[in-house]
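Here is the structure we will look at, set down as structure tokens.
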Amino acid sequence: MTMTIHIGLLRAINLPGHNKVSMADLRGLLAELGLEDGKSLLQSGNLVFRSAAGTSTQLERLLEDAAQKRLGLETDFFVRTAADWKAVIAGNPFPEEAKRDPGHLLVMFLKKAPDREHTTSLQRAIKGREVFRIKDRQAYIVYPDGVGRSRLTTAVIEKSLGTRGTGRNWNTVLKLGALA
């Protein structure tokens with residue numbers, strides 16, 4: 001039986017007063033589901049595990065259902081294989097920004113790849129100096145003035161692209177790649 005390494009990201013957990021969950025509980029959930037070698041990175045819902053069964057989409061549904069039933073946690077999971085993750089890193093359209101200022105480069109992992117109409121909608125929604133590129137189910141976004149000050153919020157991105165997402169800065173993307 002071939003085991004595939006997966007990276008799972010949770011959306012919007014451990015924010016002040018919202019969706020509190022310990023990484024130990026999440027690793028325990030992975031083990032209960034038969035997902036092996038569960039590891040976590042930081043407190044923001046970054047998981048690495050091995051599984052012999054299921055596509056990324058099937059694993060997302062499995063994790064979302066189990067998190068709700070067992071932990072009372074209603075949130076989206078975004079699952080990519082280690083091979084997908086390598087492609088995300090290799091496909092970074094902003095290599096200079098990644099070297100110079102990795103904290104201001106964000107990868108938004110999306111539930112589905114947006115079409116041209118939604119991509120155009122996101123371009124129209126940008127009011128600042130942010131730039132982005134869409135590659136499959138990822139949006140790479142450079143926030144030259146910082147994410148916290150930007151009006152290009154997750155809500156604006158999701159509404160424009162017509163899909164849900166969760167973002168990780170480039171430093172975290174690289175750390176998860178190394179952990180996988």
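Each chain in the structure tokens gets a letter, A, B, ..., in the order shown, and its residues are numbered from 1; ligands are numbered from 1 in order too.
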- What's the 8 Å shell around Met3 of chain A, counting only C-alpha atoms, without same-chain residues fewer than 6 positions away, as a ChimeraX atom specification? /A:50-53
Selection from above, N, CA and C atoms, as a PDB file, in the first residue's frame, can you write it?
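Result file follows (out-v8.pdb):
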ATOM      1  N   ARG A  50       0.437  11.326   6.461  1.00  0.00           N
ATOM      2  CA  ARG A  50       0.497  10.333   5.389  1.00  0.00           C
ATOM      3  C   ARG A  50      -0.834   9.593   5.328  1.00  0.00           C
ATOM      4  N   SER A  51      -1.235   9.263   4.094  1.00  0.00           N
ATOM      5  CA  SER A  51      -2.479   8.529   3.894  1.00  0.00           C
ATOM      6  C   SER A  51      -2.341   7.631   2.673  1.00  0.00           C
ATOM      7  N   ALA A  52      -2.963   6.451   2.763  1.00  0.00           N
ATOM      8  CA  ALA A  52      -2.950   5.517   1.634  1.00  0.00           C
ATOM      9  C   ALA A  52      -4.208   5.662   0.785  1.00  0.00           C
ATOM     10  N   ALA A  53      -5.183   6.364   1.286  1.00  0.00           N
ATOM     11  CA  ALA A  53      -6.471   6.396   0.593  1.00  0.00           C
ATOM     12  C   ALA A  53      -6.951   7.821   0.380  1.00  0.00           C
TER      13      ALA A  53
END
Contacts of segment 103-112 of chain A at 8 Å or less, counting only C-alpha atoms, minus same-chain residues fewer than 3 places along, as a short mmCIF file (atom, residue, chain, number, x, y, z; two decimals) with N, CA and C atoms, in the first residue's frame?
data_model
loop_
_atom_site.label_atom_id
_atom_site.label_comp_id
_atom_site.auth_asym_id
_atom_site.auth_seq_id
_atom_site.Cartn_x
_atom_site.Cartn_y
_atom_site.Cartn_z
N PHE A 78 -7.96 22.57 3.48
CA PHE A 78 -7.39 22.62 2.15
C PHE A 78 -6.24 21.63 2.14
N GLU A 97 10.47 38.80 -4.94
CA GLU A 97 9.75 39.19 -3.72
C GLU A 97 9.91 38.13 -2.65
N ALA A 98 9.94 36.85 -3.06
CA ALA A 98 10.12 35.76 -2.10
C ALA A 98 11.47 35.86 -1.41
N ASP A 136 -3.70 27.53 -11.09
CA ASP A 136 -4.55 26.42 -10.70
C ASP A 136 -5.37 26.81 -9.47
N ARG A 137 -5.19 26.11 -8.34
CA ARG A 137 -5.98 26.38 -7.13
C ARG A 137 -5.20 27.20 -6.11
N GLN A 138 -4.28 28.06 -6.61
CA GLN A 138 -3.52 28.93 -5.74
C GLN A 138 -3.52 30.35 -6.30
N ALA A 139 -3.59 31.31 -5.40
CA ALA A 139 -3.39 32.71 -5.77
C ALA A 139 -2.14 33.17 -5.02
N TYR A 140 -1.16 33.65 -5.75
CA TYR A 140 0.06 34.21 -5.16
C TYR A 140 -0.16 35.72 -5.11
N ILE A 141 -0.01 36.31 -3.92
CA ILE A 141 -0.31 37.73 -3.76
C ILE A 141 0.85 38.41 -3.05
N VAL A 142 1.32 39.51 -3.63
CA VAL A 142 2.36 40.32 -3.00
C VAL A 142 1.67 41.52 -2.37
N TYR A 143 1.93 41.69 -1.08
CA TYR A 143 1.39 42.81 -0.30
C TYR A 143 2.56 43.73 0.06
N PRO A 144 2.97 44.65 -0.82
CA PRO A 144 4.16 45.47 -0.54
C PRO A 144 4.03 46.32 0.71
N ASP A 145 2.80 46.68 1.09
CA ASP A 145 2.58 47.52 2.27
C ASP A 145 2.12 46.71 3.48
N GLY A 146 2.16 45.37 3.37
CA GLY A 146 1.77 44.51 4.47
C GLY A 146 0.33 44.02 4.33
N VAL A 147 0.09 42.82 4.82
CA VAL A 147 -1.24 42.21 4.74
C VAL A 147 -2.21 42.92 5.68
N THR A 163 -14.75 31.52 -4.61
CA THR A 163 -14.36 30.28 -3.94
C THR A 163 -13.74 30.63 -2.59
N ARG A 164 -13.69 29.65 -1.69
CA ARG A 164 -13.11 29.88 -0.37
C ARG A 164 -11.60 29.63 -0.43
N GLY A 165 -10.90 30.22 0.52
CA GLY A 165 -9.46 30.05 0.54
C GLY A 165 -8.87 30.30 1.92
N THR A 166 -7.60 29.94 2.05
CA THR A 166 -6.83 30.24 3.25
C THR A 166 -5.42 30.58 2.83
N GLY A 167 -4.85 31.60 3.47
CA GLY A 167 -3.54 32.08 3.06
C GLY A 167 -2.43 31.71 4.01
N ARG A 168 -1.23 31.54 3.45
CA ARG A 168 -0.01 31.33 4.24
C ARG A 168 1.09 32.17 3.62
N ASN A 169 1.90 32.80 4.49
CA ASN A 169 2.99 33.58 3.93
C ASN A 169 4.09 32.65 3.41
N TRP A 170 4.99 33.21 2.62
CA TRP A 170 5.99 32.39 1.94
C TRP A 170 6.88 31.63 2.92
N ASN A 171 7.21 32.26 4.06
CA ASN A 171 8.02 31.56 5.07
C ASN A 171 7.34 30.27 5.51
N VAL A 173 4.97 28.58 3.89
CA VAL A 173 4.91 27.66 2.74
C VAL A 173 6.21 26.85 2.66
#
Using the chain letters and numbers from this document, which residues of segment 41-141 of chain A does DSSP assign to strand (DSSP E), as a list in words?
Leu41, Asn46, Leu47, Val48, Phe49, Arg50, Ser51, Phe77, Phe78, Val79, Arg80, Thr81, Leu105, Leu106, Val107, Met108, Phe109, Leu110, Val131, Phe132, Arg133, Ile134, Lys135, Gln138, Ala139, Tyr140 and Ile141 of chain A
**OP:** Identify all residues of segment 9-79 of chain A in alpha helix (DSSP H) (DSSP on the backbone) and supply them as a ChimeraX atom specification.
**Re:** /A:23-32,56-71
Taking 6 positions as the minimum chain separation for residues in the same chain, which residues sit within 12 Å of Leu35 of chain A when counting only C-alpha atoms? Answer as a ChimeraX atom specification.
/A:3-8,26-29,47-54,59,62-63
(request) Work out how far apart atom CA of Lys175 of chain A and atom CA of Arg70 of chain A are and give it in Å to one decimal. (result)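 Result for atom CA of Lys175 of chain A versus atom CA of Arg70 of chain A: 28.2 Å, one decimal.
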For this session: Could you check how far atom CA of Val79 of chain A sits from atom CA of Thr57 of chain A, in Å to one decimal?
Result: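 Spanning atom CA of Val79 of chain A to atom CA of Thr57 of chain A is a straight-line distance of 7.1 Å.
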Q.
For Ala24 of chain A, find every residue with an atom within 12 Å (counting only C-alpha atoms), except residues of its own chain fewer than 6 positions away, and show them as an NGL selection string.
A. :A and (30-31 or 38-43 or 45-47 or 71)
Atom CA of Arg80 of chain A and atom CA of Asp37 of chain A, how far apart in Å?
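So the answer is 15.9 Å.
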Select, from A:Lys86, A:Lys159, A:Arg61, A:Arg100, the residue with the minimum atom-to-atom distance to Ala125 of chain A, counting only C-alpha atoms.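 Looking at the shortest contact to Ala125 of chain A, the residue is A:Lys159.
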10 Å contact set for Thr119 of chain A, only C-alpha atoms, chain neighbours under 6 positions out, as a compact mmCIF listing (two decimals) with N, CA and C atoms, in the first residue's frame:
# COMPACT_ATOMS: atom_id res chain seq x y z
N ALA A 113 -10.15 26.20 -8.74
CA ALA A 113 -9.45 27.16 -9.59
C ALA A 113 -10.47 28.16 -10.16
N ALA A 125 -10.91 44.52 -7.90
CA ALA A 125 -11.10 44.75 -6.46
C ALA A 125 -9.86 45.35 -5.78
N PHE A 132 -1.11 40.08 -8.00
CA PHE A 132 -1.37 38.66 -7.80
C PHE A 132 -1.24 37.92 -9.12
N ARG A 133 -1.07 36.62 -9.00
CA ARG A 133 -1.12 35.69 -10.13
C ARG A 133 -1.87 34.44 -9.65
N ILE A 134 -2.72 33.92 -10.51
CA ILE A 134 -3.45 32.70 -10.21
C ILE A 134 -2.77 31.55 -10.95
N ALA A 139 -3.59 31.31 -5.40
CA ALA A 139 -3.39 32.71 -5.77
C ALA A 139 -2.14 33.17 -5.02
N ILE A 157 -11.10 38.70 -1.50
CA ILE A 157 -10.53 37.72 -2.43
C ILE A 157 -11.54 36.60 -2.71
N SER A 160 -14.48 37.86 -4.81
CA SER A 160 -14.06 38.12 -6.19
C SER A 160 -13.81 36.83 -6.96
N LEU A 161 -13.16 35.86 -6.31
CA LEU A 161 -12.80 34.62 -7.01
C LEU A 161 -13.91 33.57 -6.98
N GLY A 162 -14.95 33.79 -6.17
CA GLY A 162 -16.07 32.87 -6.13
C GLY A 162 -15.72 31.52 -5.51
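Among the candidates A:Lys135, A:Leu73, A:Val156, A:Ser150, the residue lying nearest to Gln123 of chain A is A:Val156 (atoms considered: only C-alpha atoms).
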